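Pasted below: upload-v1.csv, CSV, C-alpha atoms.
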```
chain,number,residue,atom,x,y,z
X,264,MET,CA,35.9,17.7,-20.4
X,265,SER,CA,33.7,20.0,-18.3
X,266,THR,CA,30.8,20.1,-20.8
X,267,PRO,CA,29.6,16.5,-20.4
X,268,VAL,CA,29.7,16.8,-16.6
X,269,ALA,CA,27.8,20.0,-16.6
X,270,ALA,CA,25.2,18.5,-19.0
X,271,ALA,CA,24.9,15.4,-16.8
X,272,GLU,CA,24.0,17.3,-13.7
X,273,PRO,CA,20.6,18.6,-14.8
X,274,ALA,CA,19.8,15.1,-16.1
X,275,GLU,CA,20.7,13.5,-12.7
X,276,ALA,CA,18.7,16.2,-10.9
X,277,GLY,CA,15.7,15.5,-13.1
X,278,SER,CA,16.0,11.8,-12.5
X,279,SER,CA,16.1,12.3,-8.7
X,280,GLN,CA,13.0,14.5,-8.9
X,281,ALA,CA,11.2,11.8,-10.9
X,282,VAL,CA,12.0,9.2,-8.3
X,283,LYS,CA,10.8,11.4,-5.5
X,284,ALA,CA,7.6,12.2,-7.4
X,285,GLN,CA,7.1,8.5,-8.1
X,286,LEU,CA,7.6,7.5,-4.4
X,287,ARG,CA,5.3,10.3,-3.2
X,288,LEU,CA,2.5,9.4,-5.7
X,289,ARG,CA,2.8,5.7,-4.9
X,290,GLU,CA,2.4,6.6,-1.2
X,291,MET,CA,-0.6,8.7,-1.9
X,292,ILE,CA,-2.3,6.0,-4.0
X,293,LEU,CA,-1.7,3.2,-1.4
X,294,ALA,CA,-2.8,5.5,1.4
X,295,GLY,CA,-6.1,6.2,-0.4
X,296,GLU,CA,-5.4,9.9,-0.9
X,297,LEU,CA,-5.8,9.3,-4.6
X,298,PRO,CA,-8.7,6.8,-4.8
X,299,GLY,CA,-9.3,4.2,-7.4
X,300,GLY,CA,-10.6,5.7,-10.7
X,301,ALA,CA,-9.3,9.2,-9.8
X,302,ARG,CA,-7.9,11.0,-12.8
X,303,ILE,CA,-4.4,12.3,-12.5
X,304,ALA,CA,-3.0,15.0,-14.8
X,305,GLU,CA,0.6,16.2,-15.1
X,306,VAL,CA,-0.2,19.9,-14.4
X,307,ALA,CA,-2.1,19.1,-11.2
X,308,VAL,CA,0.5,16.7,-9.9
X,309,SER,CA,3.3,19.2,-10.8
X,310,GLU,CA,1.6,21.9,-8.7
X,311,LEU,CA,0.8,19.5,-5.9
X,312,LEU,CA,4.4,18.2,-5.6
X,313,GLY,CA,6.1,21.5,-6.5
X,314,VAL,CA,8.2,20.0,-9.3
X,315,SER,CA,8.3,20.6,-13.0
X,316,ARG,CA,6.2,18.6,-15.5
X,317,THR,CA,9.1,16.6,-17.0
X,318,PRO,CA,9.9,14.5,-13.8
X,319,VAL,CA,6.2,14.2,-13.1
X,320,ARG,CA,5.6,12.8,-16.6
X,321,SER,CA,8.4,10.3,-16.0
X,322,ALA,CA,6.9,9.3,-12.6
X,323,LEU,CA,3.5,8.8,-14.0
X,324,MET,CA,4.9,6.5,-16.8
X,325,ARG,CA,6.8,4.5,-14.2
X,326,LEU,CA,3.7,4.0,-12.1
X,327,GLU,CA,1.8,2.9,-15.2
X,328,GLN,CA,4.5,0.3,-15.7
X,329,GLU,CA,4.2,-0.8,-12.1
X,330,GLY,CA,0.4,-1.2,-12.7
X,331,LEU,CA,-0.9,1.4,-10.3
X,332,LEU,CA,-2.0,3.8,-13.0
X,333,GLU,CA,-3.6,3.3,-16.4
X,334,ALA,CA,-3.2,5.7,-19.4
X,335,LEU,CA,-6.5,7.3,-20.5
X,336,PRO,CA,-7.4,7.5,-24.2
X,337,ASN,CA,-7.7,11.3,-24.1
X,338,GLY,CA,-4.5,11.9,-22.1
X,339,GLY,CA,-3.6,11.8,-18.5
X,340,PHE,CA,-3.8,8.8,-16.2
X,341,ALA,CA,-6.2,7.2,-13.7
X,342,VAL,CA,-5.6,5.2,-10.6
X,343,ARG,CA,-6.2,1.6,-11.4
X,344,THR,CA,-8.4,-0.8,-9.4
X,345,PHE,CA,-7.8,-4.6,-9.3
X,346,SER,CA,-10.2,-7.5,-9.0
X,347,GLU,CA,-9.5,-10.0,-6.3
X,348,ARG,CA,-8.8,-12.5,-9.1
X,349,ASP,CA,-6.2,-10.2,-10.7
X,350,VAL,CA,-4.2,-10.1,-7.4
X,351,ALA,CA,-4.7,-13.8,-6.8
X,352,ASP,CA,-3.4,-14.6,-10.3
X,353,ALA,CA,-0.4,-12.4,-9.8
X,354,ILE,CA,0.5,-14.2,-6.6
X,355,GLU,CA,0.0,-17.5,-8.4
X,356,LEU,CA,2.3,-16.4,-11.2
X,357,ARG,CA,5.0,-15.5,-8.8
X,358,GLY,CA,4.7,-18.9,-7.1
X,359,THR,CA,5.0,-20.6,-10.5
X,360,LEU,CA,8.1,-18.6,-11.5
X,361,GLU,CA,9.7,-19.0,-8.1
X,362,GLY,CA,9.0,-22.7,-8.2
X,363,LEU,CA,10.6,-22.9,-11.6
X,364,ALA,CA,13.6,-20.9,-10.3
X,365,ALA,CA,14.0,-23.3,-7.4
X,366,ARG,CA,13.8,-26.4,-9.6
X,367,LEU,CA,16.4,-25.1,-12.0
X,368,ALA,CA,18.7,-24.1,-9.1
X,369,ALA,CA,18.4,-27.7,-7.8
X,370,GLU,CA,18.9,-29.3,-11.2
X,371,ARG,CA,21.8,-27.0,-12.4
X,372,GLY,CA,23.4,-26.6,-9.0
X,373,ALA,CA,23.2,-23.3,-7.2
X,374,PRO,CA,26.3,-21.2,-6.8
X,375,PRO,CA,27.7,-21.9,-3.3
X,376,VAL,CA,28.2,-18.2,-2.5
X,377,VAL,CA,24.5,-17.5,-3.2
X,378,LEU,CA,23.5,-20.4,-1.1
X,379,ARG,CA,25.6,-19.1,1.8
X,380,GLU,CA,24.0,-15.7,1.5
X,381,ALA,CA,20.5,-17.2,1.5
X,382,ARG,CA,21.4,-19.2,4.6
X,383,ALA,CA,22.6,-16.0,6.3
X,384,CYS,CA,19.3,-14.4,5.5
X,385,LEU,CA,17.5,-17.2,7.1
X,386,ARG,CA,19.7,-17.1,10.2
X,387,ARG,CA,18.8,-13.4,10.6
X,388,ILE,CA,15.1,-14.2,10.3
X,389,ASP,CA,15.5,-17.0,12.9
X,390,GLU,CA,17.0,-14.5,15.3
X,391,LEU,CA,14.0,-12.2,14.8
X,392,LEU,CA,11.5,-15.0,15.3
X,393,ARG,CA,13.0,-16.1,18.6
X,394,GLU,CA,11.2,-13.2,20.2
X,395,PRO,CA,7.6,-13.9,21.3
X,396,ALA,CA,6.4,-10.9,19.2
X,397,LEU,CA,7.8,-8.5,16.6
X,398,ASP,CA,7.7,-4.8,17.1
X,399,ASP,CA,7.6,-2.4,14.1
X,400,ALA,CA,11.4,-2.2,13.8
X,401,ALA,CA,11.8,-6.0,13.9
X,402,PHE,CA,9.0,-6.5,11.5
X,403,SER,CA,10.6,-4.1,9.0
X,404,ARG,CA,13.8,-6.1,9.3
X,405,TYR,CA,11.9,-9.3,8.7
X,406,VAL,CA,10.4,-7.9,5.5
X,407,ALA,CA,13.9,-6.8,4.3
X,408,PHE,CA,15.4,-10.2,4.9
X,409,ASN,CA,12.4,-12.0,3.4
X,410,GLU,CA,12.7,-10.0,0.2
X,411,ALA,CA,16.4,-10.5,0.1
X,412,PHE,CA,15.9,-14.3,0.4
X,413,HIS,CA,13.5,-14.3,-2.5
X,414,ARG,CA,15.9,-12.3,-4.7
X,415,LEU,CA,18.7,-14.7,-3.9
X,416,LEU,CA,16.4,-17.6,-4.9
X,417,SER,CA,15.8,-16.0,-8.2
X,418,GLU,CA,19.6,-15.6,-8.7
X,419,MET,CA,20.2,-19.3,-7.9
X,420,SER,CA,18.3,-20.4,-11.0
X,421,GLY,CA,21.2,-19.1,-13.2
X,422,SER,CA,18.6,-17.8,-15.7
X,423,THR,CA,18.6,-14.1,-16.5
X,424,LEU,CA,15.3,-14.6,-18.4
X,425,ILE,CA,13.5,-16.0,-15.3
X,426,ALA,CA,15.1,-13.4,-13.1
X,427,LYS,CA,13.8,-10.6,-15.3
X,428,GLN,CA,10.3,-12.1,-15.5
X,429,LEU,CA,10.3,-12.5,-11.7
X,430,GLU,CA,11.4,-8.9,-11.3
X,431,ARG,CA,8.4,-7.8,-13.4
X,432,VAL,CA,6.0,-9.9,-11.5
X,433,VAL,CA,7.1,-8.9,-8.0
X,434,ASN,CA,6.7,-5.2,-9.1
X,435,LEU,CA,3.0,-5.8,-9.8
X,436,PRO,CA,0.9,-4.3,-7.0
X,437,PHE,CA,0.5,-6.7,-4.1
X,438,ALA,CA,2.4,-9.5,-5.8
X,439,SER,CA,5.8,-9.1,-4.0
X,440,PRO,CA,6.9,-11.7,-1.5
X,441,SER,CA,6.0,-9.2,1.3
X,442,GLY,CA,3.0,-7.8,-0.4
X,443,PHE,CA,0.6,-9.2,2.2
X,444,VAL,CA,2.9,-10.3,4.9
X,445,VAL,CA,1.8,-7.3,7.0
X,446,VAL,CA,-1.5,-9.2,7.5
X,447,GLN,CA,0.5,-11.8,9.4
X,448,ALA,CA,1.9,-9.2,11.7
X,449,ASN,CA,-1.6,-8.1,12.7
X,450,SER,CA,-3.3,-11.5,13.1
X,451,PRO,CA,-3.6,-13.6,16.3
X,452,ALA,CA,-1.6,-16.4,14.7
X,453,ALA,CA,1.0,-14.0,13.3
X,454,ARG,CA,4.1,-15.6,14.6
X,455,ASP,CA,2.9,-19.1,13.8
X,456,MET,CA,2.4,-18.2,10.1
X,457,LEU,CA,5.8,-16.5,10.0
X,458,LEU,CA,7.3,-19.7,11.4
X,459,ILE,CA,5.6,-21.8,8.8
X,460,ALA,CA,6.9,-19.6,6.0
X,461,GLN,CA,10.4,-19.7,7.5
X,462,ASP,CA,10.3,-23.5,7.7
X,463,GLN,CA,9.4,-23.6,4.0
X,464,HIS,CA,12.4,-21.3,3.3
X,465,GLY,CA,14.7,-23.7,5.0
X,466,GLN,CA,13.2,-26.8,3.3
X,467,VAL,CA,13.5,-25.3,-0.2
X,468,LEU,CA,17.2,-24.5,0.4
X,469,ASP,CA,17.7,-28.1,1.6
X,470,ALA,CA,16.0,-29.4,-1.5
X,471,ILE,CA,18.1,-27.2,-3.8
X,472,GLU,CA,21.4,-28.3,-2.1
X,473,ASN,CA,20.2,-32.0,-2.4
X,474,ARG,CA,19.4,-31.5,-6.1
X,475,GLU,CA,15.7,-32.4,-5.5
X,476,GLY,CA,14.2,-30.3,-8.3
X,477,SER,CA,10.6,-31.4,-8.1
X,478,ARG,CA,10.5,-31.0,-4.3
X,479,ALA,CA,12.0,-27.6,-4.5
X,480,GLU,CA,9.5,-26.5,-7.0
X,481,ALA,CA,6.5,-27.9,-5.1
X,482,LEU,CA,7.7,-26.2,-1.9
X,483,MET,CA,7.8,-22.7,-3.5
X,484,ARG,CA,4.4,-23.3,-5.1
X,485,GLU,CA,3.1,-24.1,-1.7
X,486,HIS,CA,4.9,-21.2,-0.2
X,487,SER,CA,2.8,-18.8,-2.3
X,488,ARG,CA,-0.4,-20.2,-0.8
X,489,ILE,CA,0.4,-18.2,2.4
X,490,ALA,CA,0.1,-15.0,0.4
X,491,GLN,CA,-3.2,-16.2,-1.1
X,492,ARG,CA,-4.5,-16.8,2.5
X,493,ASN,CA,-3.3,-13.3,3.5
X,494,LEU,CA,-5.1,-11.8,0.5
X,495,ARG,CA,-8.4,-13.4,1.6
X,496,GLU,CA,-7.9,-12.2,5.2
X,497,ALA,CA,-7.0,-8.7,4.1
X,498,LEU,CA,-10.1,-8.4,1.9
X,499,HIS,CA,-12.7,-10.2,4.1
X,500,GLY,CA,-12.3,-8.6,7.4
X,501,LEU,CA,-10.3,-11.3,9.3
X,502,GLN,CA,-7.9,-8.8,10.6
X,503,ASN,CA,-8.3,-5.4,12.3
X,504,HIS,CA,-5.6,-3.3,10.6
X,505,PRO,CA,-6.3,-2.4,6.9
X,506,LEU,CA,-3.5,-3.1,4.5
X,507,PRO,CA,-2.1,-0.1,2.6
X,508,GLY,CA,-3.7,0.0,-0.9
X,509,VAL,CA,-6.3,-2.7,-0.1
X,510,GLN,CA,-9.0,-0.3,-1.1
X,511,LEU,CA,-7.9,-0.6,-4.7
X,512,ILE,CA,-8.9,-4.3,-4.8
X,513,ARG,CA,-12.5,-5.1,-5.8
X,514,ARG,CA,-13.8,-7.9,-3.6
X,515,ARG,CA,-15.5,-10.9,-5.1
X,516,ALA,CA,-19.2,-11.0,-4.4
```
Starting from the coordinates I provided, produce the structure as structure tokens.
Amino acid sequence: MSTPVAAAEPAEAGSSQAVKAQLRLREMILAGELPGGARIAEVAVSELLGVSRTPVRSALMRLEQEGLLEALPNGGFAVRTFSERDVADAIELRGTLEGLAARLAAERGAPPVVLREARACLRRIDELLREPALDDAAFSRYVAFNEAFHRLLSEMSGSTLIAKQLERVVNLPFASPSGFVVVQANSPAARDMLLIAQDQHGQVLDAIENREGSRAEALMREHSRIAQRNLREALHGLQNHPLPGVQLIRRRA
């Protein structure tokens, strides 16, 4: 009985190292320490992070799946760059899928327990937005509750297929529900935009509970427009605090 446990321990340790390497590399890419187009090799990363090549190889492959890296024909990886249209399309795709999830939730009937959890998320966001401004800690809580609400919305659809596709989309760089929400925190109309987004959250839950499928879908499609606006503001100098990773996006001429 001891052999399987002993064998599992190195595997678990390797997995932990791979996750740590993945998180550190993602942080370096989004911070601009590894610029767009930079070539990344296993040996160099292994030496930089002080871990063996096996977890580094796993981390690089995961970041390729996320879309932050691309495999090179002759081996190794390079940091990807994205066109403004790529990112806009990813946000549009998320809005389309979330709209479909909301419509199916309304038509099929969302599980009451999931609706209650979603309402609880919105109450917590309401509490945060009662303050005239959000400090860093409050903003971090907002992001966590916002992402939880969107996950619950996906669950309401009752479709594992849609949930899986949404999971893939939100893992694309900049396409998550909070991918550009930091722009709202740094703009003069920050709180107003967050209030609009929150009102849309409440309306879509009302539509789902009232079995108004078309309305629920339209609301989530419209909801994604806020992210599109934030994308434009992040790229075209309408806010003073640069968004992490924005240097990877190629602006339209």
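With distances restricted to all atoms listed in the file, X:Leu457 is the closest residue to Asp389 in chain X from X:Val306, X:Leu326, X:Leu457, X:Leu332.
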>> So that I can check the surroundings of range 280-289 of chain X, please list as a list of chain:residue names every protein, DNA and RNA residue that reaches within 9 Å of it, counting only C-alpha atoms and ignoring chain neighbours fewer than 6 positions away.
In response: X:Leu297, X:Val308, X:Ser309, X:Leu312, X:Val314, X:Ser315, X:Thr317, X:Pro318, X:Val319, X:Arg320, X:Ser321, X:Ala322, X:Leu323, X:Arg325, X:Leu326, X:Leu331
Take the residues that were just selected and, keeping C-alpha atoms, output them as a JSON list (two decimals), keeping the file's coordinate frame.
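Once written, selection.json looks like this:
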```json
[["chain", "number", "residue", "atom", "x", "y", "z"],
["X", 297, "LEU", "CA", -5.80, 9.30, -4.60],
["X", 308, "VAL", "CA", 0.50, 16.70, -9.90],
["X", 309, "SER", "CA", 3.30, 19.20, -10.80],
["X", 312, "LEU", "CA", 4.40, 18.20, -5.60],
["X", 314, "VAL", "CA", 8.20, 20.00, -9.30],
["X", 315, "SER", "CA", 8.30, 20.60, -13.00],
["X", 317, "THR", "CA", 9.10, 16.60, -17.00],
["X", 318, "PRO", "CA", 9.90, 14.50, -13.80],
["X", 319, "VAL", "CA", 6.20, 14.20, -13.10],
["X", 320, "ARG", "CA", 5.60, 12.80, -16.60],
["X", 321, "SER", "CA", 8.40, 10.30, -16.00],
["X", 322, "ALA", "CA", 6.90, 9.30, -12.60],
["X", 323, "LEU", "CA", 3.50, 8.80, -14.00],
["X", 325, "ARG", "CA", 6.80, 4.50, -14.20],
["X", 326, "LEU", "CA", 3.70, 4.00, -12.10],
["X", 331, "LEU", "CA", -0.90, 1.40, -10.30]]
```
>> So that I can see what lies close to range 333-336 of chain X, please list as a PyMOL selection string the residues with an atom at most 12 Å from it, counting all atoms listed in the file and leaving out residues fewer than 5 positions away in the same chain.
In response: chain X and resi 299-305+320+323-328+341-345
>> Please compute the CA of Val433 in chain X-CA of Glu355 in chain X distance, one decimal, in Å.
In response: 11.2 Å
Residues within 10 Å of Glu418 in chain X, only C-alpha atoms, excluding chain neighbours under 6 positions, as a compact mmCIF listing (two decimals) with C-alpha atoms, in the frame of the given file:
```txt
# COMPACT_ATOMS: atom_id res chain seq x y z
CA ALA X 364 13.60 -20.90 -10.30
CA ALA X 365 14.00 -23.30 -7.40
CA ALA X 368 18.70 -24.10 -9.10
CA ALA X 373 23.20 -23.30 -7.20
CA PRO X 374 26.30 -21.20 -6.80
CA VAL X 377 24.50 -17.50 -3.20
CA LEU X 378 23.50 -20.40 -1.10
CA PHE X 412 15.90 -14.30 0.40
CA ILE X 425 13.50 -16.00 -15.30
CA ALA X 426 15.10 -13.40 -13.10
```
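Using only C-alpha atoms for every distance, the candidate list X:Lys427, X:His464, X:Arg404, X:Arg414 yields X:His464 as the residue closest to Leu385 in chain X.
Once Pro436 in chain X and its same-chain neighbours fewer than 6 positions away are set aside, Glu329, Gly330, Leu331, Val350 and Gly442 of chain X remain within 8 Å of it when counting only C-alpha atoms.
Reported to one decimal place, the separation of CA of Ile489 in chain X from CA of Leu367 in chain X is 22.6 Å.
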Can you complete the atoms of range 312-328 of chain X to N, CA, C and O atoms and list them as a PDB file, in the coordinates of the input?
```pdb
ATOM      1  N   LEU X 312       3.087  18.660  -6.081  1.00  0.00           N
ATOM      2  CA  LEU X 312       4.400  18.200  -5.600  1.00  0.00           C
ATOM      3  C   LEU X 312       5.454  19.301  -5.651  1.00  0.00           C
ATOM      4  O   LEU X 312       6.547  19.127  -5.091  1.00  0.00           O
ATOM      5  N   GLY X 313       5.155  20.383  -6.365  1.00  0.00           N
ATOM      6  CA  GLY X 313       6.100  21.500  -6.500  1.00  0.00           C
ATOM      7  C   GLY X 313       7.320  21.130  -7.334  1.00  0.00           C
ATOM      8  O   GLY X 313       8.432  21.589  -7.062  1.00  0.00           O
ATOM      9  N   VAL X 314       7.122  20.323  -8.371  1.00  0.00           N
ATOM     10  CA  VAL X 314       8.200  20.000  -9.300  1.00  0.00           C
ATOM     11  C   VAL X 314       7.717  20.257 -10.724  1.00  0.00           C
ATOM     12  O   VAL X 314       6.518  20.416 -10.959  1.00  0.00           O
ATOM     13  N   SER X 315       8.652  20.293 -11.657  1.00  0.00           N
ATOM     14  CA  SER X 315       8.300  20.600 -13.000  1.00  0.00           C
ATOM     15  C   SER X 315       7.556  19.387 -13.667  1.00  0.00           C
ATOM     16  O   SER X 315       7.533  18.285 -13.115  1.00  0.00           O
ATOM     17  N   ARG X 316       6.992  19.604 -14.837  1.00  0.00           N
ATOM     18  CA  ARG X 316       6.200  18.600 -15.500  1.00  0.00           C
ATOM     19  C   ARG X 316       7.007  17.408 -16.010  1.00  0.00           C
ATOM     20  O   ARG X 316       6.513  16.286 -16.107  1.00  0.00           O
ATOM     21  N   THR X 317       8.265  17.665 -16.366  1.00  0.00           N
ATOM     22  CA  THR X 317       9.100  16.600 -17.000  1.00  0.00           C
ATOM     23  C   THR X 317       9.298  15.421 -15.984  1.00  0.00           C
ATOM     24  O   THR X 317       9.030  14.273 -16.341  1.00  0.00           O
ATOM     25  N   PRO X 318       9.764  15.652 -14.749  1.00  0.00           N
ATOM     26  CA  PRO X 318       9.900  14.500 -13.800  1.00  0.00           C
ATOM     27  C   PRO X 318       8.546  13.912 -13.444  1.00  0.00           C
ATOM     28  O   PRO X 318       8.453  12.702 -13.200  1.00  0.00           O
ATOM     29  N   VAL X 319       7.491  14.733 -13.423  1.00  0.00           N
ATOM     30  CA  VAL X 319       6.200  14.200 -13.100  1.00  0.00           C
ATOM     31  C   VAL X 319       5.719  13.249 -14.229  1.00  0.00           C
ATOM     32  O   VAL X 319       5.178  12.167 -13.961  1.00  0.00           O
ATOM     33  N   ARG X 320       5.973  13.631 -15.474  1.00  0.00           N
ATOM     34  CA  ARG X 320       5.600  12.800 -16.600  1.00  0.00           C
ATOM     35  C   ARG X 320       6.338  11.423 -16.493  1.00  0.00           C
ATOM     36  O   ARG X 320       5.743  10.359 -16.701  1.00  0.00           O
ATOM     37  N   SER X 321       7.618  11.482 -16.151  1.00  0.00           N
ATOM     38  CA  SER X 321       8.400  10.300 -16.000  1.00  0.00           C
ATOM     39  C   SER X 321       7.850   9.414 -14.833  1.00  0.00           C
ATOM     40  O   SER X 321       7.734   8.189 -14.953  1.00  0.00           O
ATOM     41  N   ALA X 322       7.487  10.057 -13.720  1.00  0.00           N
ATOM     42  CA  ALA X 322       6.900   9.300 -12.600  1.00  0.00           C
ATOM     43  C   ALA X 322       5.630   8.653 -12.914  1.00  0.00           C
ATOM     44  O   ALA X 322       5.392   7.500 -12.537  1.00  0.00           O
ATOM     45  N   LEU X 323       4.781   9.346 -13.641  1.00  0.00           N
ATOM     46  CA  LEU X 323       3.500   8.800 -14.000  1.00  0.00           C
ATOM     47  C   LEU X 323       3.666   7.563 -14.930  1.00  0.00           C
ATOM     48  O   LEU X 323       2.974   6.551 -14.796  1.00  0.00           O
ATOM     49  N   MET X 324       4.620   7.664 -15.861  1.00  0.00           N
ATOM     50  CA  MET X 324       4.900   6.500 -16.800  1.00  0.00           C
ATOM     51  C   MET X 324       5.419   5.335 -15.993  1.00  0.00           C
ATOM     52  O   MET X 324       5.052   4.195 -16.274  1.00  0.00           O
ATOM     53  N   ARG X 325       6.271   5.583 -15.004  1.00  0.00           N
ATOM     54  CA  ARG X 325       6.800   4.500 -14.200  1.00  0.00           C
ATOM     55  C   ARG X 325       5.699   3.806 -13.388  1.00  0.00           C
ATOM     56  O   ARG X 325       5.671   2.579 -13.248  1.00  0.00           O
ATOM     57  N   LEU X 326       4.805   4.611 -12.847  1.00  0.00           N
ATOM     58  CA  LEU X 326       3.700   4.000 -12.100  1.00  0.00           C
ATOM     59  C   LEU X 326       2.724   3.273 -12.964  1.00  0.00           C
ATOM     60  O   LEU X 326       2.086   2.321 -12.520  1.00  0.00           O
ATOM     61  N   GLU X 327       2.628   3.700 -14.227  1.00  0.00           N
ATOM     62  CA  GLU X 327       1.800   2.900 -15.200  1.00  0.00           C
ATOM     63  C   GLU X 327       2.490   1.567 -15.413  1.00  0.00           C
ATOM     64  O   GLU X 327       1.822   0.523 -15.449  1.00  0.00           O
ATOM     65  N   GLN X 328       3.816   1.556 -15.545  1.00  0.00           N
ATOM     66  CA  GLN X 328       4.500   0.300 -15.700  1.00  0.00           C
ATOM     67  C   GLN X 328       4.406  -0.613 -14.522  1.00  0.00           C
ATOM     68  O   GLN X 328       4.336  -1.829 -14.648  1.00  0.00           O
TER      69      GLN X 328
END
```
